[in-house]
Amino acid sequence: MIKFRAVTLALFFSAAATFGAASLRAQVPQGASQAMPPATPGPVSDAARELGKQIMCTCGCGDTAGTCSHPGAAFSGPCEVAKAKLKEVDQRMSQGESNSAILQTFVKEYGEAVLASPPAHGLNWFAWTFPGVAFAIGLGLIIMVIRQWRHRVTLAPSSGPAIPVAIPDHMRRRIERDTQQDD
């Protein structure tokens, strides 16, 4: 029964780690993991485009402002929202603002949802660390169960003389009496 519980817990934590990692992967914008060349060379600098990869485009495409493109749509390339954000980033960089100050300005305007990778504090920290912790716990449980299976204790057969089964006299008489009555 204990082994069944351990196996069940190990499978549960492994599944939790898998689904947790998958949900975190789903939170990463599609364009953030792929380096896409700019669709149209515009007046925006490369540094602004790199910083734009840390800011989400709010047109609904799910890409970052630096990688926003709409292949197969009515137009191909960055949307007007992404162009405006990149232009604002470029203007702020030319004014001498630091990257973190620019990002903080966007966070004040749009909230933390504008960041492609949310900061690791509060609930976000839990969301970033839970899959790794759950995987480590699941792996530990699996290793523990495998070790228990490999080191099973087997009982050796007894080597002493057989113990005769003696039926007490009063029981023997009762059995004989009962069998004679049945005949």
# chains A, B, ... in the order shown; residues from 1 in each chain; ligands from 1

call {"tool": "residues_around", "arguments": {"residues": "segment 57-60 of chain A", "least_positions_apart": "3", "cutoff": "12 Å", "atoms": "only C-alpha atoms", "output": "JSON, numbers by chain"}}
result
{"A": [29, 30, 31, 32, 52, 53, 54, 63, 64, 65, 66, 67, 68, 69, 70, 78, 79, 80, 81, 82, 83, 84, 85, 86, 106, 110, 111, 113, 114, 115, 116]}

call {"tool": "write_last_selection", "arguments": {"atoms": "C-alpha atoms", "output": "PDB file, in the first residue's frame"}}
result
ATOM      1  CA  PRO A  29       5.149  34.998 -26.561  1.00  0.00           C
ATOM      2  CA  GLN A  30       5.613  33.161 -29.823  1.00  0.00           C
ATOM      3  CA  GLY A  31       7.991  35.706 -31.294  1.00  0.00           C
ATOM      4  CA  ALA A  32      10.105  36.026 -28.149  1.00  0.00           C
ATOM      5  CA  GLY A  52      11.312  46.254 -28.248  1.00  0.00           C
ATOM      6  CA  LYS A  53      11.680  42.479 -27.961  1.00  0.00           C
ATOM      7  CA  GLN A  54      11.117  42.890 -24.214  1.00  0.00           C
ATOM      8  CA  ASP A  63       4.346  38.932 -30.470  1.00  0.00           C
ATOM      9  CA  THR A  64       6.717  41.428 -28.982  1.00  0.00           C
ATOM     10  CA  ALA A  65       6.927  44.910 -30.451  1.00  0.00           C
ATOM     11  CA  GLY A  66      10.385  44.113 -31.837  1.00  0.00           C
ATOM     12  CA  THR A  67       9.242  40.956 -33.648  1.00  0.00           C
ATOM     13  CA  CYS A  68       5.649  41.828 -34.555  1.00  0.00           C
ATOM     14  CA  SER A  69       4.766  40.647 -38.048  1.00  0.00           C
ATOM     15  CA  HIS A  70       1.531  39.563 -39.604  1.00  0.00           C
ATOM     16  CA  PRO A  78       4.986  45.146 -38.035  1.00  0.00           C
ATOM     17  CA  CYS A  79       1.611  46.677 -37.226  1.00  0.00           C
ATOM     18  CA  GLU A  80       1.075  50.354 -36.475  1.00  0.00           C
ATOM     19  CA  VAL A  81       0.973  49.641 -32.715  1.00  0.00           C
ATOM     20  CA  ALA A  82       4.393  47.977 -32.794  1.00  0.00           C
ATOM     21  CA  LYS A  83       5.816  50.717 -35.001  1.00  0.00           C
ATOM     22  CA  ALA A  84       4.577  53.377 -32.566  1.00  0.00           C
ATOM     23  CA  LYS A  85       6.069  51.562 -29.565  1.00  0.00           C
ATOM     24  CA  LEU A  86       9.402  51.060 -31.315  1.00  0.00           C
ATOM     25  CA  PHE A 106       5.856  51.221 -20.379  1.00  0.00           C
ATOM     26  CA  TYR A 110       0.304  49.483 -19.613  1.00  0.00           C
ATOM     27  CA  GLY A 111       1.005  47.470 -16.445  1.00  0.00           C
ATOM     28  CA  ALA A 113       1.438  42.649 -18.846  1.00  0.00           C
ATOM     29  CA  VAL A 114       3.421  44.741 -21.345  1.00  0.00           C
ATOM     30  CA  LEU A 115       6.647  42.942 -20.396  1.00  0.00           C
ATOM     31  CA  ALA A 116       7.451  39.878 -22.505  1.00  0.00           C
TER      32      ALA A 116
END

call {"tool": "atom_distance", "arguments": {"atom1": "atom CA of Gln148 of chain A", "atom2": "atom CA of Ala134 of chain A"}}
result
21.1 Å

call {"tool": "atom_distance", "arguments": {"atom1": "atom CA of Ser45 of chain A", "atom2": "atom CA of Asn99 of chain A"}}
result
13.7 Å
